[in-house]
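See structure below.
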There are 2 protein chains.
Amino acid sequence: MAEKLKIIPLGGLDEIGKNLTVYEYGGEIIIVDCGMAFPEDDMYGIDSVIPDISYLLKNRARIRGMFITHGHEDHIGAIPHVLRQINIPIYCTRFTAGLINLKLEEFGLVQSTRMTVIDAGQSVRAGKFNVEFIHVNHSIPDSVAFAIHTKMGVVLHTGDFKIDSTPIDGEVIDLARLGELGKEGVLCLCADSTNVERPGYTVSEREVGKTFIRQFRNCSERLIVTTFASNVHRIQQVLDAAAACGRKVAVTGRSMENIMRVSMELGCMKPPRNTLTDISRIKNLPPEKQVIITTGSQGEEMSALYRMAFSTHKQVELGPGDKVIISASAIPGNEVTVSRVINELFRKGVKVIYNKADMLHVSGHACQEELKIIHALTKPKFFVPLHGEQRMLQIHSGLAQQMGIDRNHIAIAENGSVIEITGKTMKINGSVPAGEIFVDGSGVGDVGAVVMRDRKRLAEDGMVVVVMPVASQDGALLAPPEIITRGFIYVKESGDFIHELQNIAFEAAEAVTRKHQRDDGELRGAVKSAVSGYLYKNTRRSPMVIPVVTRL
Amino acid sequence: MAEKLKIIPLGGLDEIGKNLTVYEYGGEIIIVDCGMAFPEDDMYGIDSVIPDISYLLKNRARIRGMFITHGHEDHIGAIPHVLRQINIPIYCTRFTAGLINLKLEEFGLVQSTRMTVIDAGQSVRAGKFNVEFIHVNHSIPDSVAFAIHTKMGVVLHTGDFKIDSTPIDGEVIDLARLGELGKEGVLCLCADSTNVERPGYTVSEREVGKTFIRQFRNCSERLIVTTFASNVHRIQQVLDAAAACGRKVAVTGRSMENIMRVSMELGCMKPPRNTLTDISRIKNLPPEKQVIITTGSQGEEMSALYRMAFSTHKQVELGPGDKVIISASAIPGNEVTVSRVINELFRKGVKVIYNKADMLHVSGHACQEELKIIHALTKPKFFVPLHGEQRMLQIHSGLAQQMGIDRNHIAIAENGSVIEITGKTMKINGSVPAGEIFVDGSGVGDVGAVVMRDRKRLAEDGMVVVVMPVASQDGALLAPPEIITRGFIYVKESGDFIHELQNIAFEAAEAVTRKHQRDDGELRGAVKSAVSGYLYKNTRRSPMVIPVVTRL
């Protein structure tokens, strides 16, 4: 039998992240990334979504390590959930390790976890794999691609990346190494598809810094700047612009404070001397000497900016004389909440600078021309588009074909697809379980389709409970049915209607109990049907009707 | 006392439409527009949102008429709800009347409604108001602005508009008349603020027609085109492009069919000869001779395009060899659903042309330079920015000040604000009730804050009902508490947990009933608190806990 390399994306090929890719060779497994996703609007009550890892649990003995490309939630967010079930050694760069550690602390997993820090440019052996860390540009420091060396050949897994020729940390993506690998021969390229719909190039992070200088100069207002907490280079540029314009900087918002602390400890962020100060102390300065960096760029309800906008922030009160700069674009689905915050700030008389007014954000992902460069440099034999919704994967496939790859050498997979590569061929050979596991409170996976369907139903029209105490002996109702509703109508103003419902339930119940004294199922069915019918006829709504029969 | 003109926006100054503006002069009232809004994501189960009209009900005797600028839902959607309570004569243009009639038919209000069709260029008297209809360009035919003439002066209410120099119906917005009014003297301008954040000019509708020609030419696929059903000129251009390229056109989707029928009857749409055919008959033609026009440009779950994408449309099955053109941009909040449909089409092998790939949509609203032209032509003494969220109103105020209006002559209102204009001054003088009335099923206004809060709670974590039959005499429990849950956990896999809950409830109940035999309130409170505490401790969730005590 020919030697095979398997690539199994357990997440990342859908609408919202949770990246996790399995590589299998010679009976051994490594995992690249282990992310979570934020719930979609119709996932009521869900806190986060993680990949189904039953395949990993089943094959735990064969797993040699987990490699993390960078520290964004959609690449590290599921690590604690996986580690609680399988103790896998983690390999990642220094800053990524710092962020993972914040999570491990939260879940009490620091002691039990084996984490090894690897610098870009170095390699690490894990079973039959030799994994080389290659520096890339992205919207978080210390991001890497992996060149996964096996006896069969090299797979290049880009992770999230862009090509930034003027990055803030001075390190351009290691194109030279990618070119070398291309010359030596790349068996398969697995690449980021996030921005494949956009022509041209992604703008350099440095351009946003120019906007900051422009906005900070000749400005008499106090400045409040919000961005993604993990965008360390963006925050570095805020610090630099503040120092250049003679302002001090204070920070508020838990995730921002945590990540900035880690960044500075690890040397990823270098505040100019005497620039940082405490949020409680910055107030003593005149407005034109202040910059406050805060969370809330997506309008999140618990964030510091949201609380400032709605006057519930303890330390910062906004009004005329303040200028808020939102250095981010709204992630699809968040537009409305971001809008609400902006409107509320305007209502307070705050000047707001957001994406419609200036160049305040650049993407962290490669556009079409950058992707072409990676294809041209690596000249892979096979290609798997990763990190994207179906349309992006297909568009990326089209781009790869333009770059000379044969359509038969490209796999457009679904989550769970088993992509098999021999030296000569590539095919999708079946699939393993892959899906969305819901995290709700402390429960992982106990909320499934049935519960979600009920929540949706309850959310739409509320519910009506009909309680019927029944005599065990003769099946007679011991009291009139009691009606309890929630989320359906305002009961205090609907006395007559509730009374009528009670009558309907009573009649339906009587009709059954007279004939079939002991059939609770039939009783429930008859009452449910009568009550539901009456409700729909009179309100055009379908609340969940729950008949409860208590035999006494 | 000086003569006064009052302007009271009852809707339109918030996040999502439902435009309704009240004009009062000399003790008489006219209404401009009467729209609904679509519910936001957190308005669980709500079908639509309409303005609070208690002010109109209270002043019904003084109302002289309702004037409608155009036929979009956010300007006509609440008409039936208002007419059911107050029979007000309606004045509007021909096509707008056609669309309103579709609504009146649905609500059985055709007979009782007095509707008068007025052409652009004509005027109509309503009490002390003389209302002049002025042609404007917008994304629906037969749109007008109103010059509302009173003895105190003229108020120009623009409605939604843009300046299109090459419109499809050949009629440019009547700038000449606006200029004349400006020369004669405009007391107050009330103008559309929707696109005030965008610099420059809105592109002409005609540009989209060029895209259609480019996409239809040399295309061997069957074409499916979707857009807003009310965008009659867009659909006209699809028909024209189809005819020019030798294709026939069929239509599917209820709202599209209805509006096209009305458009053709009223002469707003003129299909080229032998172009339209039936959806059941077009199948007999080769793919390169077919165009199907359909609803679903916003990814709506019940729409024809959605059903085609998910293989539940009865007449149209899509696959390789089909090209879907989405001639619309996603309204904020709809991005995710539109994405889902596009991904599903890609998965079927359909070619999809959407906004990222070509120029497929133009706005119907004026951008900054167009707004400046209107200000320059009308030279109003006072200004009220309408149709916009708070930030847009303020930006529009800034633009007006640039154009020479004094800040004290501008009113940035909230819904319900009473704007009072004398000949010399303008001020906001108090407010009248204005808010969101929820329509749910056949109920209007019966779902309020309490019900919504319960729905939100039920959606988040579901509910747990605890039923306790209790002896009237001695307060003893007659049976163990019964536990019913929905939307909380999957009961079939949680037998032990439910059993434990039953014990917790039993113990809490016993402790109370032993001491206070007849206090149901205390019993409920104790059980609720014990069960809620146990649930949170063990699951970190807070389902709604509903104790039901039945005395027997």
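By convention in this document, the chains of the structure tokens carry letters A, B, ... by their order, each chain's residues are numbered from 1, and ligands are numbered from 1 in the order they are shown.
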**Request:** For stretch 361-363 of chain B, please output as a PyMOL selection string all residues within 9 Å (counting only C-alpha atoms; exclusion window: fewer than 5 positions along the same chain).
**Result:** chain B and resi 138-139+162+195+202-205+207-208+227+326-329+355
Go ahead and save the residues from that selection, with C-alpha atoms, as a compact mmCIF listing (two decimals), in the first residue's frame.
# COMPACT_ATOMS: atom_id res chain seq x y z
CA HIS B 138 -35.30 57.14 -5.39
CA SER B 139 -35.04 53.37 -5.60
CA LYS B 162 -31.23 61.01 -4.50
CA ASN B 195 -26.36 58.67 3.36
CA THR B 202 -24.62 58.41 -5.29
CA VAL B 203 -24.09 56.51 -8.52
CA SER B 204 -26.90 56.52 -11.09
CA GLU B 205 -29.24 53.56 -11.25
CA GLU B 207 -24.82 52.03 -14.04
CA VAL B 208 -26.29 48.79 -12.72
CA THR B 227 -33.08 42.31 -6.10
CA ILE B 326 -27.45 39.26 -6.42
CA SER B 327 -28.25 42.86 -7.30
CA ALA B 328 -28.42 44.30 -3.79
CA SER B 329 -26.19 44.89 -0.83
CA ASN B 355 -21.32 42.76 -4.59
**For stretch 480-496 of chain A: contacts at 8 Å, only C-alpha atoms, fewer than 3 positions along chain excluded, given as number ranges by chain** = A: 458-459, 461-469, 477, 499-502, 505-506, 543; B: 446-448, 450-455, 458
**Request:** Just give me the gap between atom CA of A:Ala78 and atom CA of A:Leu56 in Å, one decimal is fine.
**Result:** 13.2 Å
Within stretch 229-398 of chain B, find each residue whose DSSP state, derived from the backbone, is strand (DSSP E), and express the selection as a PDB file with all heavy atoms, in the first residue's frame.
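Resulting contents of selection-v5.pdb:
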ATOM      1  N   LYS B 248     -35.592  35.175 -22.480  1.00  0.00           N
ATOM      2  CA  LYS B 248     -36.922  35.393 -21.906  1.00  0.00           C
ATOM      3  C   LYS B 248     -36.804  35.464 -20.385  1.00  0.00           C
ATOM      4  O   LYS B 248     -35.819  34.977 -19.810  1.00  0.00           O
ATOM      5  CB  LYS B 248     -37.853  34.246 -22.291  1.00  0.00           C
ATOM      6  CG  LYS B 248     -38.104  34.178 -23.794  1.00  0.00           C
ATOM      7  CD  LYS B 248     -39.577  34.171 -24.101  1.00  0.00           C
ATOM      8  CE  LYS B 248     -39.776  34.137 -25.608  1.00  0.00           C
ATOM      9  NZ  LYS B 248     -41.066  34.701 -25.978  1.00  0.00           N
ATOM     10  N   VAL B 249     -37.816  36.040 -19.770  1.00  0.00           N
ATOM     11  CA  VAL B 249     -37.767  36.257 -18.320  1.00  0.00           C
ATOM     12  C   VAL B 249     -39.012  35.680 -17.648  1.00  0.00           C
ATOM     13  O   VAL B 249     -40.130  35.921 -18.096  1.00  0.00           O
ATOM     14  CB  VAL B 249     -37.693  37.765 -17.996  1.00  0.00           C
ATOM     15  CG1 VAL B 249     -37.672  37.988 -16.481  1.00  0.00           C
ATOM     16  CG2 VAL B 249     -36.476  38.407 -18.651  1.00  0.00           C
ATOM     17  N   ALA B 250     -38.785  34.915 -16.585  1.00  0.00           N
ATOM     18  CA  ALA B 250     -39.889  34.458 -15.731  1.00  0.00           C
ATOM     19  C   ALA B 250     -39.650  34.967 -14.316  1.00  0.00           C
ATOM     20  O   ALA B 250     -38.529  35.304 -13.956  1.00  0.00           O
ATOM     21  CB  ALA B 250     -39.983  32.939 -15.737  1.00  0.00           C
ATOM     22  N   VAL B 251     -40.726  35.016 -13.537  1.00  0.00           N
ATOM     23  CA  VAL B 251     -40.649  35.624 -12.210  1.00  0.00           C
ATOM     24  C   VAL B 251     -41.134  34.629 -11.163  1.00  0.00           C
ATOM     25  O   VAL B 251     -42.100  33.912 -11.388  1.00  0.00           O
ATOM     26  CB  VAL B 251     -41.523  36.896 -12.157  1.00  0.00           C
ATOM     27  CG1 VAL B 251     -41.472  37.537 -10.779  1.00  0.00           C
ATOM     28  CG2 VAL B 251     -41.078  37.879 -13.228  1.00  0.00           C
ATOM     29  N   THR B 252     -40.449  34.588 -10.004  1.00  0.00           N
ATOM     30  CA  THR B 252     -40.941  33.773  -8.891  1.00  0.00           C
ATOM     31  C   THR B 252     -40.715  34.496  -7.562  1.00  0.00           C
ATOM     32  O   THR B 252     -39.762  35.258  -7.417  1.00  0.00           O
ATOM     33  CB  THR B 252     -40.294  32.366  -8.879  1.00  0.00           C
ATOM     34  OG1 THR B 252     -40.794  31.630  -7.763  1.00  0.00           O
ATOM     35  CG2 THR B 252     -38.785  32.446  -8.757  1.00  0.00           C
ATOM     36  N   GLN B 290     -32.688  31.856 -20.850  1.00  0.00           N
ATOM     37  CA  GLN B 290     -33.528  32.063 -19.668  1.00  0.00           C
ATOM     38  C   GLN B 290     -32.969  33.109 -18.689  1.00  0.00           C
ATOM     39  O   GLN B 290     -31.780  33.144 -18.445  1.00  0.00           O
ATOM     40  CB  GLN B 290     -33.648  30.765 -18.857  1.00  0.00           C
ATOM     41  CG  GLN B 290     -34.316  29.615 -19.571  1.00  0.00           C
ATOM     42  CD  GLN B 290     -34.468  28.416 -18.655  1.00  0.00           C
ATOM     43  OE1 GLN B 290     -34.765  28.564 -17.471  1.00  0.00           O
ATOM     44  NE2 GLN B 290     -34.276  27.226 -19.210  1.00  0.00           N
ATOM     45  N   VAL B 291     -33.881  33.914 -18.160  1.00  0.00           N
ATOM     46  CA  VAL B 291     -33.585  34.721 -16.975  1.00  0.00           C
ATOM     47  C   VAL B 291     -34.735  34.515 -15.989  1.00  0.00           C
ATOM     48  O   VAL B 291     -35.904  34.618 -16.376  1.00  0.00           O
ATOM     49  CB  VAL B 291     -33.477  36.229 -17.293  1.00  0.00           C
ATOM     50  CG1 VAL B 291     -33.275  37.022 -16.001  1.00  0.00           C
ATOM     51  CG2 VAL B 291     -32.346  36.511 -18.271  1.00  0.00           C
ATOM     52  N   ILE B 292     -34.410  34.202 -14.732  1.00  0.00           N
ATOM     53  CA  ILE B 292     -35.436  34.096 -13.701  1.00  0.00           C
ATOM     54  C   ILE B 292     -35.213  35.212 -12.693  1.00  0.00           C
ATOM     55  O   ILE B 292     -34.122  35.363 -12.155  1.00  0.00           O
ATOM     56  CB  ILE B 292     -35.381  32.723 -12.997  1.00  0.00           C
ATOM     57  CG1 ILE B 292     -35.719  31.625 -14.017  1.00  0.00           C
ATOM     58  CG2 ILE B 292     -36.339  32.680 -11.813  1.00  0.00           C
ATOM     59  CD1 ILE B 292     -35.502  30.223 -13.496  1.00  0.00           C
ATOM     60  N   ILE B 293     -36.245  36.032 -12.510  1.00  0.00           N
ATOM     61  CA  ILE B 293     -36.165  37.093 -11.503  1.00  0.00           C
ATOM     62  C   ILE B 293     -36.824  36.591 -10.226  1.00  0.00           C
ATOM     63  O   ILE B 293     -37.918  36.028 -10.277  1.00  0.00           O
ATOM     64  CB  ILE B 293     -36.873  38.379 -11.978  1.00  0.00           C
ATOM     65  CG1 ILE B 293     -36.165  38.934 -13.221  1.00  0.00           C
ATOM     66  CG2 ILE B 293     -36.897  39.422 -10.863  1.00  0.00           C
ATOM     67  CD1 ILE B 293     -36.824  40.181 -13.782  1.00  0.00           C
ATOM     68  N   THR B 294     -36.150  36.783  -9.094  1.00  0.00           N
ATOM     69  CA  THR B 294     -36.647  36.173  -7.872  1.00  0.00           C
ATOM     70  C   THR B 294     -36.441  37.060  -6.649  1.00  0.00           C
ATOM     71  O   THR B 294     -35.612  37.962  -6.662  1.00  0.00           O
ATOM     72  CB  THR B 294     -35.958  34.806  -7.651  1.00  0.00           C
ATOM     73  OG1 THR B 294     -36.377  34.279  -6.398  1.00  0.00           O
ATOM     74  CG2 THR B 294     -34.451  34.963  -7.582  1.00  0.00           C
ATOM     75  N   ASP B 322     -25.795  27.228 -13.819  1.00  0.00           N
ATOM     76  CA  ASP B 322     -26.620  28.368 -13.431  1.00  0.00           C
ATOM     77  C   ASP B 322     -25.734  29.501 -12.926  1.00  0.00           C
ATOM     78  O   ASP B 322     -24.686  29.275 -12.329  1.00  0.00           O
ATOM     79  CB  ASP B 322     -27.601  27.974 -12.318  1.00  0.00           C
ATOM     80  CG  ASP B 322     -28.718  27.086 -12.833  1.00  0.00           C
ATOM     81  OD1 ASP B 322     -29.213  27.371 -13.956  1.00  0.00           O
ATOM     82  OD2 ASP B 322     -29.083  26.119 -12.153  1.00  0.00           O
ATOM     83  N   LYS B 323     -26.195  30.724 -13.176  1.00  0.00           N
ATOM     84  CA  LYS B 323     -25.477  31.886 -12.652  1.00  0.00           C
ATOM     85  C   LYS B 323     -26.472  32.754 -11.892  1.00  0.00           C
ATOM     86  O   LYS B 323     -27.460  33.216 -12.452  1.00  0.00           O
ATOM     87  CB  LYS B 323     -24.843  32.676 -13.806  1.00  0.00           C
ATOM     88  CG  LYS B 323     -24.047  33.883 -13.372  1.00  0.00           C
ATOM     89  CD  LYS B 323     -22.957  34.226 -14.400  1.00  0.00           C
ATOM     90  CE  LYS B 323     -23.307  35.457 -15.222  1.00  0.00           C
ATOM     91  NZ  LYS B 323     -22.208  35.837 -16.149  1.00  0.00           N
ATOM     92  N   VAL B 324     -26.215  32.956 -10.615  1.00  0.00           N
ATOM     93  CA  VAL B 324     -27.090  33.778  -9.784  1.00  0.00           C
ATOM     94  C   VAL B 324     -26.461  35.159  -9.615  1.00  0.00           C
ATOM     95  O   VAL B 324     -25.290  35.266  -9.248  1.00  0.00           O
ATOM     96  CB  VAL B 324     -27.318  33.137  -8.398  1.00  0.00           C
ATOM     97  CG1 VAL B 324     -28.010  34.110  -7.444  1.00  0.00           C
ATOM     98  CG2 VAL B 324     -28.131  31.853  -8.531  1.00  0.00           C
ATOM     99  N   ILE B 325     -27.229  36.198  -9.911  1.00  0.00           N
ATOM    100  CA  ILE B 325     -26.738  37.567  -9.740  1.00  0.00           C
ATOM    101  C   ILE B 325     -27.509  38.224  -8.600  1.00  0.00           C
ATOM    102  O   ILE B 325     -28.738  38.343  -8.666  1.00  0.00           O
ATOM    103  CB  ILE B 325     -26.924  38.374 -11.045  1.00  0.00           C
ATOM    104  CG1 ILE B 325     -26.097  37.727 -12.168  1.00  0.00           C
ATOM    105  CG2 ILE B 325     -26.527  39.835 -10.838  1.00  0.00           C
ATOM    106  CD1 ILE B 325     -26.272  38.391 -13.521  1.00  0.00           C
ATOM    107  N   ILE B 326     -26.802  38.608  -7.567  1.00  0.00           N
ATOM    108  CA  ILE B 326     -27.446  39.260  -6.419  1.00  0.00           C
ATOM    109  C   ILE B 326     -27.270  40.764  -6.553  1.00  0.00           C
ATOM    110  O   ILE B 326     -26.215  41.311  -6.280  1.00  0.00           O
ATOM    111  CB  ILE B 326     -26.862  38.745  -5.094  1.00  0.00           C
ATOM    112  CG1 ILE B 326     -27.096  37.234  -5.000  1.00  0.00           C
ATOM    113  CG2 ILE B 326     -27.504  39.470  -3.901  1.00  0.00           C
ATOM    114  CD1 ILE B 326     -26.502  36.581  -3.773  1.00  0.00           C
ATOM    115  N   LYS B 351     -22.576  29.419 -10.183  1.00  0.00           N
ATOM    116  CA  LYS B 351     -21.741  30.613 -10.238  1.00  0.00           C
ATOM    117  C   LYS B 351     -22.530  31.758  -9.584  1.00  0.00           C
ATOM    118  O   LYS B 351     -23.687  31.971  -9.927  1.00  0.00           O
ATOM    119  CB  LYS B 351     -21.437  30.937 -11.707  1.00  0.00           C
ATOM    120  CG  LYS B 351     -20.231  31.830 -11.901  1.00  0.00           C
ATOM    121  CD  LYS B 351     -19.991  32.120 -13.385  1.00  0.00           C
ATOM    122  CE  LYS B 351     -19.174  31.044 -14.072  1.00  0.00           C
ATOM    123  NZ  LYS B 351     -18.854  31.396 -15.482  1.00  0.00           N
ATOM    124  N   VAL B 352     -21.941  32.456  -8.662  1.00  0.00           N
ATOM    125  CA  VAL B 352     -22.666  33.539  -7.991  1.00  0.00           C
ATOM    126  C   VAL B 352     -21.936  34.861  -8.206  1.00  0.00           C
ATOM    127  O   VAL B 352     -20.732  34.957  -7.960  1.00  0.00           O
ATOM    128  CB  VAL B 352     -22.795  33.296  -6.469  1.00  0.00           C
ATOM    129  CG1 VAL B 352     -23.745  34.313  -5.839  1.00  0.00           C
ATOM    130  CG2 VAL B 352     -23.275  31.886  -6.185  1.00  0.00           C
ATOM    131  N   ILE B 353     -22.668  35.859  -8.694  1.00  0.00           N
ATOM    132  CA  ILE B 353     -22.084  37.189  -8.862  1.00  0.00           C
ATOM    133  C   ILE B 353     -22.710  38.081  -7.804  1.00  0.00           C
ATOM    134  O   ILE B 353     -23.913  38.329  -7.820  1.00  0.00           O
ATOM    135  CB  ILE B 353     -22.387  37.759 -10.266  1.00  0.00           C
ATOM    136  CG1 ILE B 353     -22.126  36.709 -11.346  1.00  0.00           C
ATOM    137  CG2 ILE B 353     -21.589  39.032 -10.520  1.00  0.00           C
ATOM    138  CD1 ILE B 353     -20.688  36.299 -11.508  1.00  0.00           C
ATOM    139  N   PHE B 382     -34.826  77.460   8.473  1.00  0.00           N
ATOM    140  CA  PHE B 382     -34.656  76.456   9.529  1.00  0.00           C
ATOM    141  C   PHE B 382     -34.409  75.094   8.894  1.00  0.00           C
ATOM    142  O   PHE B 382     -34.765  74.849   7.743  1.00  0.00           O
ATOM    143  CB  PHE B 382     -35.897  76.395  10.426  1.00  0.00           C
ATOM    144  CG  PHE B 382     -36.185  77.687  11.140  1.00  0.00           C
ATOM    145  CD1 PHE B 382     -37.258  78.494  10.748  1.00  0.00           C
ATOM    146  CD2 PHE B 382     -35.379  78.105  12.191  1.00  0.00           C
ATOM    147  CE1 PHE B 382     -37.514  79.682  11.401  1.00  0.00           C
ATOM    148  CE2 PHE B 382     -35.632  79.300  12.848  1.00  0.00           C
ATOM    149  CZ  PHE B 382     -36.694  80.096  12.455  1.00  0.00           C
ATOM    150  N   PHE B 383     -33.826  74.201   9.701  1.00  0.00           N
ATOM    151  CA  PHE B 383     -33.503  72.887   9.156  1.00  0.00           C
ATOM    152  C   PHE B 383     -33.732  71.796  10.196  1.00  0.00           C
ATOM    153  O   PHE B 383     -33.326  71.913  11.352  1.00  0.00           O
ATOM    154  CB  PHE B 383     -32.045  72.863   8.692  1.00  0.00           C
ATOM    155  CG  PHE B 383     -31.566  71.499   8.252  1.00  0.00           C
ATOM    156  CD1 PHE B 383     -32.237  70.809   7.245  1.00  0.00           C
ATOM    157  CD2 PHE B 383     -30.472  70.895   8.859  1.00  0.00           C
ATOM    158  CE1 PHE B 383     -31.815  69.543   6.841  1.00  0.00           C
ATOM    159  CE2 PHE B 383     -30.039  69.630   8.461  1.00  0.00           C
ATOM    160  CZ  PHE B 383     -30.711  68.963   7.449  1.00  0.00           C
ATOM    161  N   VAL B 384     -34.388  70.702   9.754  1.00  0.00           N
ATOM    162  CA  VAL B 384     -34.576  69.521  10.601  1.00  0.00           C
ATOM    163  C   VAL B 384     -34.070  68.297   9.839  1.00  0.00           C
ATOM    164  O   VAL B 384     -34.684  67.887   8.856  1.00  0.00           O
ATOM    165  CB  VAL B 384     -36.068  69.304  10.957  1.00  0.00           C
ATOM    166  CG1 VAL B 384     -36.220  68.071  11.857  1.00  0.00           C
ATOM    167  CG2 VAL B 384     -36.667  70.529  11.617  1.00  0.00           C
ATOM    168  N   PRO B 385     -32.948  67.719  10.262  1.00  0.00           N
ATOM    169  CA  PRO B 385     -32.523  66.470   9.618  1.00  0.00           C
ATOM    170  C   PRO B 385     -33.466  65.340  10.028  1.00  0.00           C
ATOM    171  O   PRO B 385     -33.759  65.185  11.213  1.00  0.00           O
ATOM    172  CB  PRO B 385     -31.111  66.239  10.162  1.00  0.00           C
ATOM    173  CG  PRO B 385     -31.018  67.044  11.420  1.00  0.00           C
ATOM    174  CD  PRO B 385     -32.014  68.162  11.308  1.00  0.00           C
ATOM    175  N   LEU B 386     -33.963  64.589   9.043  1.00  0.00           N
ATOM    176  CA  LEU B 386     -34.861  63.457   9.316  1.00  0.00           C
ATOM    177  C   LEU B 386     -34.219  62.154   8.829  1.00  0.00           C
ATOM    178  O   LEU B 386     -33.134  62.158   8.276  1.00  0.00           O
ATOM    179  CB  LEU B 386     -36.205  63.650   8.599  1.00  0.00           C
ATOM    180  CG  LEU B 386     -37.149  64.721   9.134  1.00  0.00           C
ATOM    181  CD1 LEU B 386     -38.452  64.700   8.326  1.00  0.00           C
ATOM    182  CD2 LEU B 386     -37.468  64.510  10.614  1.00  0.00           C
TER     183      LEU B 386
END
**Prompt:** Could you pull the residues within 8 Å of B:Leu20, counting only C-alpha atoms, minus those fewer than 4 positions along the same chain, as a PyMOL selection string?
**Reply:** chain B and resi 9-12+31-35+51+75
Write out, as a PDB file, in the first residue's frame, the residues just selected, with N, CA, C and O atoms.
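again.pdb was written with the following content:
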ATOM      1  N   PRO B   9     -41.704  64.503  14.785  1.00  0.00           N
ATOM      2  CA  PRO B   9     -41.380  63.193  14.189  1.00  0.00           C
ATOM      3  C   PRO B   9     -41.760  62.104  15.187  1.00  0.00           C
ATOM      4  O   PRO B   9     -41.239  62.083  16.292  1.00  0.00           O
ATOM      5  N   LEU B  10     -42.719  61.260  14.817  1.00  0.00           N
ATOM      6  CA  LEU B  10     -43.114  60.159  15.713  1.00  0.00           C
ATOM      7  C   LEU B  10     -42.278  58.906  15.448  1.00  0.00           C
ATOM      8  O   LEU B  10     -42.375  57.916  16.161  1.00  0.00           O
ATOM      9  N   GLY B  11     -41.477  58.941  14.392  1.00  0.00           N
ATOM     10  CA  GLY B  11     -40.609  57.810  14.069  1.00  0.00           C
ATOM     11  C   GLY B  11     -39.573  58.271  13.062  1.00  0.00           C
ATOM     12  O   GLY B  11     -39.637  59.403  12.570  1.00  0.00           O
ATOM     13  N   GLY B  12     -38.620  57.413  12.779  1.00  0.00           N
ATOM     14  CA  GLY B  12     -37.627  57.744  11.753  1.00  0.00           C
ATOM     15  C   GLY B  12     -36.322  58.267  12.314  1.00  0.00           C
ATOM     16  O   GLY B  12     -35.317  58.309  11.621  1.00  0.00           O
ATOM     17  N   ILE B  31     -50.207  64.324   8.391  1.00  0.00           N
ATOM     18  CA  ILE B  31     -49.188  63.315   8.671  1.00  0.00           C
ATOM     19  C   ILE B  31     -48.426  63.052   7.381  1.00  0.00           C
ATOM     20  O   ILE B  31     -49.035  62.939   6.318  1.00  0.00           O
ATOM     21  N   VAL B  32     -47.108  62.963   7.462  1.00  0.00           N
ATOM     22  CA  VAL B  32     -46.327  62.552   6.294  1.00  0.00           C
ATOM     23  C   VAL B  32     -45.698  61.191   6.574  1.00  0.00           C
ATOM     24  O   VAL B  32     -44.935  61.038   7.524  1.00  0.00           O
ATOM     25  N   ASP B  33     -46.066  60.232   5.768  1.00  0.00           N
ATOM     26  CA  ASP B  33     -45.587  58.846   5.841  1.00  0.00           C
ATOM     27  C   ASP B  33     -46.076  58.121   7.090  1.00  0.00           C
ATOM     28  O   ASP B  33     -46.451  58.747   8.087  1.00  0.00           O
ATOM     29  N   CYS B  34     -46.072  56.789   6.994  1.00  0.00           N
ATOM     30  CA  CYS B  34     -46.641  55.982   8.070  1.00  0.00           C
ATOM     31  C   CYS B  34     -46.045  54.582   7.943  1.00  0.00           C
ATOM     32  O   CYS B  34     -46.690  53.644   7.465  1.00  0.00           O
ATOM     33  N   GLY B  35     -44.771  54.498   8.376  1.00  0.00           N
ATOM     34  CA  GLY B  35     -44.021  53.282   8.068  1.00  0.00           C
ATOM     35  C   GLY B  35     -43.834  52.336   9.236  1.00  0.00           C
ATOM     36  O   GLY B  35     -44.086  52.675  10.391  1.00  0.00           O
ATOM     37  N   PRO B  51     -44.846  52.819  14.857  1.00  0.00           N
ATOM     38  CA  PRO B  51     -44.743  53.935  15.799  1.00  0.00           C
ATOM     39  C   PRO B  51     -45.924  53.958  16.770  1.00  0.00           C
ATOM     40  O   PRO B  51     -47.008  53.477  16.454  1.00  0.00           O
ATOM     41  N   HIS B  75     -42.154  53.458   4.985  1.00  0.00           N
ATOM     42  CA  HIS B  75     -42.968  54.668   4.812  1.00  0.00           C
ATOM     43  C   HIS B  75     -44.461  54.361   4.695  1.00  0.00           C
ATOM     44  O   HIS B  75     -45.286  55.252   4.838  1.00  0.00           O
TER      45      HIS B  75
END
**Prompt:** Could you work out how far atom CA of B:Ala304 lies from atom CA of B:Val232, giving the answer in Å with one decimal?
**Reply:** 18.0 Å
**Request:** Name the closest residue to chain B among the candidates A:Pro80, A:Gly475, A:Pro332, A:Pro287; distances are taken between atoms, counting only C-alpha atoms.
**Result:**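 Smallest distance to chain B is found for A:Pro332.
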